[in-house]
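Enquirer: Input file: work24.pdb. Contents: PDB, C-alpha atoms.
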```pdb
ATOM      1  CA  MET A   3      11.828   7.746   1.549  1.00  0.00           C
ATOM      2  CA  LEU A   4      12.017   4.628   3.681  1.00  0.00           C
ATOM      3  CA  THR A   5      14.182   1.617   2.998  1.00  0.00           C
ATOM      4  CA  GLU A   6      12.428  -1.674   2.293  1.00  0.00           C
ATOM      5  CA  SER A   7      13.184  -2.807   5.833  1.00  0.00           C
ATOM      6  CA  GLN A   8      11.812   0.386   7.390  1.00  0.00           C
ATOM      7  CA  LEU A   9       8.626   0.180   5.328  1.00  0.00           C
ATOM      8  CA  TRP A  10       8.156  -3.468   6.261  1.00  0.00           C
ATOM      9  CA  GLN A  11       8.415  -2.566   9.966  1.00  0.00           C
ATOM     10  CA  LYS A  12       5.542  -0.115   9.472  1.00  0.00           C
ATOM     11  CA  VAL A  13       3.520  -2.763   7.616  1.00  0.00           C
ATOM     12  CA  ARG A  14       4.153  -5.226  10.476  1.00  0.00           C
ATOM     13  CA  GLN A  15       2.669  -2.715  12.900  1.00  0.00           C
ATOM     14  CA  LYS A  16      -0.648  -3.063  11.035  1.00  0.00           C
ATOM     15  CA  GLU A  17      -0.992  -6.747  11.929  1.00  0.00           C
ATOM     16  CA  GLY A  18      -4.495  -7.302  13.327  1.00  0.00           C
ATOM     17  CA  SER A  19      -5.755  -4.011  11.843  1.00  0.00           C
ATOM     18  CA  LEU A  20      -8.453  -3.357   9.298  1.00  0.00           C
ATOM     19  CA  VAL A  21      -7.569  -1.617   6.050  1.00  0.00           C
ATOM     20  CA  TYR A  22     -10.136  -0.441   3.541  1.00  0.00           C
ATOM     21  CA  THR A  23      -9.745  -0.483  -0.218  1.00  0.00           C
ATOM     22  CA  CYS A  24      -9.707   2.997  -1.717  1.00  0.00           C
ATOM     23  CA  ILE A  25     -12.675   2.899  -4.062  1.00  0.00           C
ATOM     24  CA  ARG A  26     -15.119   0.298  -2.811  1.00  0.00           C
ATOM     25  CA  ARG A  27     -14.118   0.674   0.867  1.00  0.00           C
ATOM     26  CA  LEU A  28     -13.987  -3.101   1.320  1.00  0.00           C
ATOM     27  CA  GLU A  29     -12.829  -4.177   4.757  1.00  0.00           C
ATOM     28  CA  ASN A  30      -9.674  -6.308   4.946  1.00  0.00           C
ATOM     29  CA  ARG A  31      -8.250  -7.592   8.218  1.00  0.00           C
ATOM     30  CA  ILE A  32      -4.486  -8.116   8.262  1.00  0.00           C
ATOM     31  CA  LEU A  33      -4.072 -11.473   9.983  1.00  0.00           C
ATOM     32  CA  CYS A  34      -0.330 -11.879   9.813  1.00  0.00           C
ATOM     33  CA  VAL A  35       2.677 -10.150   8.314  1.00  0.00           C
ATOM     34  CA  THR A  36       5.416 -12.655   7.502  1.00  0.00           C
ATOM     35  CA  ASP A  37       8.903 -11.859   6.252  1.00  0.00           C
ATOM     36  CA  ASN A  38       7.604 -11.950   2.658  1.00  0.00           C
ATOM     37  CA  ALA A  39       3.859 -11.276   2.553  1.00  0.00           C
ATOM     38  CA  VAL A  40       0.742  -9.932   4.225  1.00  0.00           C
ATOM     39  CA  GLU A  41      -1.953 -12.502   4.961  1.00  0.00           C
ATOM     40  CA  ILE A  42      -5.474 -11.102   4.731  1.00  0.00           C
ATOM     41  CA  GLU A  43      -8.503 -12.738   6.369  1.00  0.00           C
ATOM     42  CA  ASN A  44     -10.695 -14.689   3.908  1.00  0.00           C
ATOM     43  CA  ARG A  45      -8.306 -14.152   0.962  1.00  0.00           C
ATOM     44  CA  THR A  46      -6.067 -16.673  -0.708  1.00  0.00           C
ATOM     45  CA  SER A  47      -4.079 -14.036  -2.602  1.00  0.00           C
ATOM     46  CA  LYS A  48      -1.466 -12.129  -0.642  1.00  0.00           C
ATOM     47  CA  PRO A  49       0.219  -8.795  -1.157  1.00  0.00           C
ATOM     48  CA  TYR A  50       3.912  -9.634  -1.281  1.00  0.00           C
ATOM     49  CA  ARG A  51       6.654  -7.543   0.269  1.00  0.00           C
ATOM     50  CA  THR A  52       8.329  -6.956  -3.107  1.00  0.00           C
ATOM     51  CA  GLU A  53       5.047  -5.723  -4.636  1.00  0.00           C
ATOM     52  CA  ILE A  54       4.343  -3.380  -1.730  1.00  0.00           C
ATOM     53  CA  TYR A  55       7.831  -1.894  -1.829  1.00  0.00           C
ATOM     54  CA  SER A  56       7.790  -1.602  -5.616  1.00  0.00           C
ATOM     55  CA  LEU A  57       4.553   0.390  -5.457  1.00  0.00           C
ATOM     56  CA  TYR A  58       5.994   2.533  -2.652  1.00  0.00           C
ATOM     57  CA  GLN A  59       9.085   3.310  -4.750  1.00  0.00           C
ATOM     58  CA  GLN A  60       6.986   4.098  -7.811  1.00  0.00           C
ATOM     59  CA  VAL A  61       4.781   6.600  -5.988  1.00  0.00           C
ATOM     60  CA  HIS A  62       7.920   8.292  -4.667  1.00  0.00           C
ATOM     61  CA  GLU A  63       9.398   8.443  -8.178  1.00  0.00           C
ATOM     62  CA  MET A  64       6.255   9.637  -9.950  1.00  0.00           C
ATOM     63  CA  GLY A  65       4.314  11.476  -7.260  1.00  0.00           C
ATOM     64  CA  GLU A  66       1.170   9.495  -8.022  1.00  0.00           C
ATOM     65  CA  VAL A  67       0.310   6.063  -9.356  1.00  0.00           C
ATOM     66  CA  PHE A  68      -2.947   4.799 -10.809  1.00  0.00           C
ATOM     67  CA  ALA A  69      -3.493   1.044 -10.996  1.00  0.00           C
ATOM     68  CA  ALA A  70      -3.628   1.130 -14.798  1.00  0.00           C
ATOM     69  CA  ASP A  71      -0.180   2.759 -14.913  1.00  0.00           C
ATOM     70  CA  ALA A  72       1.559   0.770 -12.176  1.00  0.00           C
ATOM     71  CA  LYS A  73       4.795  -0.970 -13.151  1.00  0.00           C
ATOM     72  CA  ARG A  74       3.339  -4.264 -12.024  1.00  0.00           C
ATOM     73  CA  TRP A  75      -0.165  -5.488 -11.291  1.00  0.00           C
ATOM     74  CA  THR A  76      -0.998  -5.181  -7.610  1.00  0.00           C
ATOM     75  CA  LEU A  77      -4.027  -6.012  -5.504  1.00  0.00           C
ATOM     76  CA  ALA A  78      -6.312  -3.153  -4.441  1.00  0.00           C
ATOM     77  CA  VAL A  79      -5.550  -4.045  -0.838  1.00  0.00           C
ATOM     78  CA  THR A  80      -1.856  -3.304  -1.498  1.00  0.00           C
ATOM     79  CA  TYR A  81      -2.729   0.366  -2.048  1.00  0.00           C
ATOM     80  CA  ALA A  82      -4.764   0.325   1.180  1.00  0.00           C
ATOM     81  CA  ILE A  83      -1.871  -1.207   3.118  1.00  0.00           C
ATOM     82  CA  LEU A  84       0.486   1.549   1.958  1.00  0.00           C
ATOM     83  CA  ILE A  85      -1.991   4.279   2.867  1.00  0.00           C
ATOM     84  CA  GLU A  86      -2.352   2.831   6.364  1.00  0.00           C
ATOM     85  CA  ALA A  87       1.340   1.994   6.875  1.00  0.00           C
ATOM     86  CA  VAL A  88       2.668   5.417   5.871  1.00  0.00           C
ATOM     87  CA  PRO A  89      -0.258   7.857   6.156  1.00  0.00           C
ATOM     88  CA  ASP A  90       2.097  10.805   6.579  1.00  0.00           C
ATOM     89  CA  GLU A  91       3.550  10.075   3.115  1.00  0.00           C
ATOM     90  CA  ILE A  92       0.808   8.515   0.978  1.00  0.00           C
ATOM     91  CA  GLU A  93      -2.898   9.137   0.451  1.00  0.00           C
ATOM     92  CA  ALA A  94      -5.642   7.859  -1.840  1.00  0.00           C
ATOM     93  CA  ILE A  95      -6.500   9.844  -4.950  1.00  0.00           C
ATOM     94  CA  PRO A  96     -10.244  10.556  -4.813  1.00  0.00           C
ATOM     95  CA  GLY A  97     -12.298   9.428  -7.766  1.00  0.00           C
ATOM     96  CA  LYS A  98     -13.318   6.336  -9.656  1.00  0.00           C
ATOM     97  CA  ARG A  99      -9.818   5.128 -10.543  1.00  0.00           C
ATOM     98  CA  LEU A 100      -7.631   3.290  -8.058  1.00  0.00           C
ATOM     99  CA  GLY A 101      -4.666   5.490  -7.283  1.00  0.00           C
ATOM    100  CA  ILE A 102      -2.373   6.817  -4.592  1.00  0.00           C
ATOM    101  CA  ARG A 103      -0.182   9.891  -4.345  1.00  0.00           C
ATOM    102  CA  LEU A 104       2.393  11.516  -2.146  1.00  0.00           C
ATOM    103  CA  ARG A 105       0.925  13.886   0.380  1.00  0.00           C
ATOM    104  CA  ARG A 106       1.729  17.520  -0.309  1.00  0.00           C
ATOM    105  CA  ASN A 107       4.095  17.784   2.638  1.00  0.00           C
ATOM    106  CA  SER A 108       5.992  14.680   1.471  1.00  0.00           C
ATOM    107  CA  THR A 109       8.843  14.956  -1.001  1.00  0.00           C
ATOM    108  CA  ARG A 110       9.728  12.884  -4.020  1.00  0.00           C
ATOM    109  CA  THR A 111      13.120  11.258  -4.228  1.00  0.00           C
TER
END
```
Represent the structure contained in this file as structure tokens.
Expert:
Amino acid sequence: MLTESQLWQKVRQKEGSLVYTCIRRLENRILCVTDNAVEIENRTSKPYRTEIYSLYQQVHEMGEVFAADAKRWTLAVTYAILIEAVPDEIEAIPGKRLGIRLRRNSTRT
């Protein structure tokens, strides 16, 4: 499992990239990654660093997280950012519910 700082470095590497929401496959361009948030083109709401790391920790603790069961409400794009930032660790759960899980070769902490 990565530290918050290590995860944020991976998120920063996605600046300028497109990420797609898991269910509706909506395109989101990451304009800028600041010290505290990810700015998405044409969106006023931002995924915050604390929310992204909290979701990352939760998926490592539980193995999978569906939006309805998340410890805190998070934007759908937050799930997409995690999938793109750490694709070797996290993947989307197929289906009609928004969810992510650890990849089989990844281990829970």
Enquirer: Compare A:Lys73, A:Val79, A:Arg27, A:Val67 by their minimum atom-to-atom distance to Lys48 (chain A), counting all atoms listed in the file, and give me the closest one.
Expert: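 Of the candidates, the smallest distance to Lys48 (chain A) is held by A:Val79.
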Enquirer: Taking (-15.1, 1.7, 10.1) in the file's coordinates, which residues come within 9 Å, counting all atoms listed in the file, written as a list of chain:residue names?
Expert: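 Every residue inside that radius is included here: A:Leu20, A:Tyr22, A:Glu29.
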Enquirer: Report, in Å with one decimal, the straight-line distance from CA of Pro96 (chain A) to CA of Thr23 (chain A).
Expert: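 Those two atoms sit 12.0 Å apart.
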Enquirer: Measure the distance from CA of Lys98 (chain A) to CA of Ala78 (chain A) in Å and round it to one decimal.
Expert: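 So the answer is 12.9 Å.
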Enquirer: Select from region 42-90 of chain A every residue with an atom at most 12 Å from any atom of region 99-104 of chain A, then for each give the shortest pair of atoms and their distance in Å to one decimal, using all atoms listed in the file, rows by chain and rising number, as a tab-separated table.
Expert:
```
residue	atom	partner	partner_atom	distance
A:Leu57	CA	A:Ile102	CA	9.5
A:Tyr58	CA	A:Ile102	CA	9.6
A:Gln59	CA	A:Leu104	CA	10.9
A:Gln60	CA	A:Arg103	CA	9.8
A:Val61	CA	A:Arg103	CA	6.2
A:His62	CA	A:Leu104	CA	6.9
A:Glu63	CA	A:Leu104	CA	9.7
A:Met64	CA	A:Arg103	CA	8.5
A:Gly65	CA	A:Leu104	CA	5.5
A:Glu66	CA	A:Arg103	CA	3.9
A:Val67	CA	A:Gly101	CA	5.4
A:Phe68	CA	A:Gly101	CA	4.0
A:Ala69	CA	A:Leu100	CA	5.5
A:Ala70	CA	A:Leu100	CA	8.1
A:Asp71	CA	A:Gly101	CA	9.3
A:Ala72	CA	A:Gly101	CA	9.2
A:Trp75	CA	A:Leu100	CA	12.0
A:Thr76	CA	A:Leu100	CA	10.8
A:Leu77	CA	A:Leu100	CA	10.3
A:Ala78	CA	A:Leu100	CA	7.5
A:Val79	CA	A:Leu100	CA	10.5
A:Thr80	CA	A:Ile102	CA	10.6
A:Tyr81	CA	A:Ile102	CA	6.9
A:Ala82	CA	A:Ile102	CA	9.0
A:Ile83	CA	A:Ile102	CA	11.1
A:Leu84	CA	A:Ile102	CA	8.9
A:Ile85	CA	A:Ile102	CA	7.9
A:Glu86	CA	A:Ile102	CA	11.7
A:Val88	CA	A:Leu104	CA	10.1
A:Pro89	CA	A:Leu104	CA	9.5
A:Asp90	CA	A:Leu104	CA	8.8
```
Enquirer: CA of Val35 (chain A) to CA of Leu4 (chain A): how many Å, to one decimal?
Expert: 18.1 Å
Enquirer: Considering all atoms listed in the file, can you say which of A:Ile54, A:Arg106, A:Gly97, A:Val21 comes closest to Leu9 (chain A)?
Expert: A:Ile54
Enquirer: Taking all atoms listed in the file into account, which of A:Arg31, A:Lys16, A:Arg74, A:Arg45 comes nearest Ala87 (chain A)?
Expert: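 Selected residue with least distance to Ala87 (chain A): A:Lys16.
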Enquirer: Name the residues that the PyMOL selection byres ((chain A and resi 17) around 6) picks from the file above, as an NGL selection string, using the file's chain letters and numbers.
Expert: :A and (14-16 or 18-19 or 32-34)
Enquirer: Which of these, A:Ser47, A:Arg105, A:Glu93, A:Ala39, has the shortest distance to Val13 (chain A) once you count only C-alpha atoms?
Expert: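 Residue with the minimum atom-to-atom distance to Val13 (chain A): A:Ala39.
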